[in-house]
Every structure is written in C-alpha cells, then in structure tokens.
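Written below as structure tokens is the structure these notes are about.
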Amino acid sequence: MKEIFYDDHEVTIFGLVANHCYAHGFNQEWVNQFWSGLQELKPLYEEFLHYLNTGEITGAYTLYGFTVLDTFVWNMEYDSLQRDRGRNADSCDRDRLILHSFNCMLELYHNPEQWKLLLSEDQRMDILSTL
C-alpha cells in the first residue's frame, strides 16, 4: 500500500488561489488547470504567491524574454481593444487581468511559438484587418 502524502500548507495555498480566482469569475475547471500549471513552473508559482501576499507583480520570472508584466500589458491592450469594439462594457477588473496574465505565462510555456508571436504583435493594428 502506498503512503499518502498530505501537505496542509499546499492545501491552504490552493484554497487561497481558488478563492481568489472564483472571486474574479473563473470556474473550477479553469482554477484546476491554473493550479496544475503553477505547480509545473515553480518560479512562476513563487511570483504568484508574492502577488497574492503583496498585490504586486515583480516581473522576476522571465520566459522567452517575457515577464508577467509583459503579459499584463498585453492583456490590458486586449481588454481595451474589446472595449473599443463595443464589447466588455463592464469596468476593468485589474485582478482578473492579472490572473489572465499569469495564465498567459503558462500558455507561453506550453505553446511558445504561438504565444511569442501573439505577445510581440501590436494588437491595435488587428482592428484594421477586420474592418
């Protein structure tokens, strides 16, 4: 019979992460994928814990030349573009954008070529090609 390892510290942290995500409109499936991804990338996990404790992003973890700050700016531009097109009329949820930004880093880890291209493009020019 295998021994069961139980780390109540990790369970507590998962609860904090999950509650933060739920409070900003994410569902359980998203939370579980996000948590698994954070467990896979320990430096990003540490940066996320710093964010939860302080409300600040350090930008200390770099992946393919991008930081969470870069993905945050990218998400802000995307959010702004959606507003310009008449979508997403609700006020900006900074914490939701930050969660998306950390998730973008996970996407960059799993799909580097696609996400390096997305993050390096100027989204404001996309509107011209769709008109």
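Ligands are numbered from 1 in the order shown, chains are lettered A, B, ... in the order of the structure tokens, and residues start at 1 in each chain.
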ask   = Leaving out Asn75 (chain A) and any residue of its chain fewer than 6 positions from it, which residues lie within 10 Å of it when counting only C-alpha atoms, given as a list in words?
value = Leu69, Leu81, Arg96, Leu97, Ile98, Leu99, His100, Ser101, Cys104, Leu119 and Gln123 of chain A
inquiry  = DSSP on the backbone, alpha helix (DSSP H) only: what residues of region 29-127 of chain A does that give? Format it as an NGL selection string.
reply    = :A and (29-40 or 42-54 or 68-84 or 94-110 or 112-120 or 126-127)
So that I can see what lies close to Ser120 (chain A), please list as an mmCIF file with N, CA and C atoms, in the first residue's frame the residues with an atom at most 10 Å from it, counting only C-alpha atoms and leaving out residues fewer than 6 positions away in the same chain.
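Saved file result_32.cif follows:
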```cif
data_model
loop_
_atom_site.group_PDB
_atom_site.id
_atom_site.type_symbol
_atom_site.label_atom_id
_atom_site.label_comp_id
_atom_site.auth_asym_id
_atom_site.auth_seq_id
_atom_site.Cartn_x
_atom_site.Cartn_y
_atom_site.Cartn_z
ATOM 1 N N PHE A 66 9.885 37.228 -21.934
ATOM 2 C CA PHE A 66 8.648 37.851 -21.462
ATOM 3 C C PHE A 66 8.477 37.626 -19.960
ATOM 4 N N ASP A 70 4.823 41.897 -18.889
ATOM 5 C CA ASP A 70 4.590 41.979 -20.339
ATOM 6 C C ASP A 70 3.223 41.417 -20.703
ATOM 7 N N TRP A 74 -0.109 43.237 -22.342
ATOM 8 C CA TRP A 74 -0.777 42.618 -23.492
ATOM 9 C C TRP A 74 -2.265 42.423 -23.189
#
```
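In this structure, CA of Val31 (chain A) sits 8.0 Å away from CA of Val17 (chain A).
Our summary of the geometry notes that CA of Gly37 (chain A) is positioned 22.1 Å from CA of Met76 (chain A).
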query = Which one of A:Phe26, A:Phe14, A:Phe72, A:Trp35 sits closest to Thr58 (chain A) if you count only C-alpha atoms?
reply = A:Phe72
Of the listed residues A:Lys42, A:Gln33, A:Arg94, A:Asn27, that which approaches Asp79 (chain A) most closely, counting only C-alpha atoms = A:Arg94
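Computed from the coordinates, the CA of Leu106 (chain A) to CA of Leu41 (chain A) distance equals 8.0 Å.
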query = A:Val73, A:Ile57, A:Leu16, A:Val68: which is nearest Phe102 (chain A), counting only C-alpha atoms?
reply = A:Val68
request  = Could you tell me which of A:Glu77, A:Asn19, A:Gly65, A:Gln39 comes closest to Leu52 (chain A) if we count only C-alpha atoms?
outcome  = A:Asn19
key: Distance criterion (only C-alpha atoms): nearest to Trp30 (chain A) out of A:Asn53, A:Ala18, A:Leu63, A:Val11   = A:Ala18
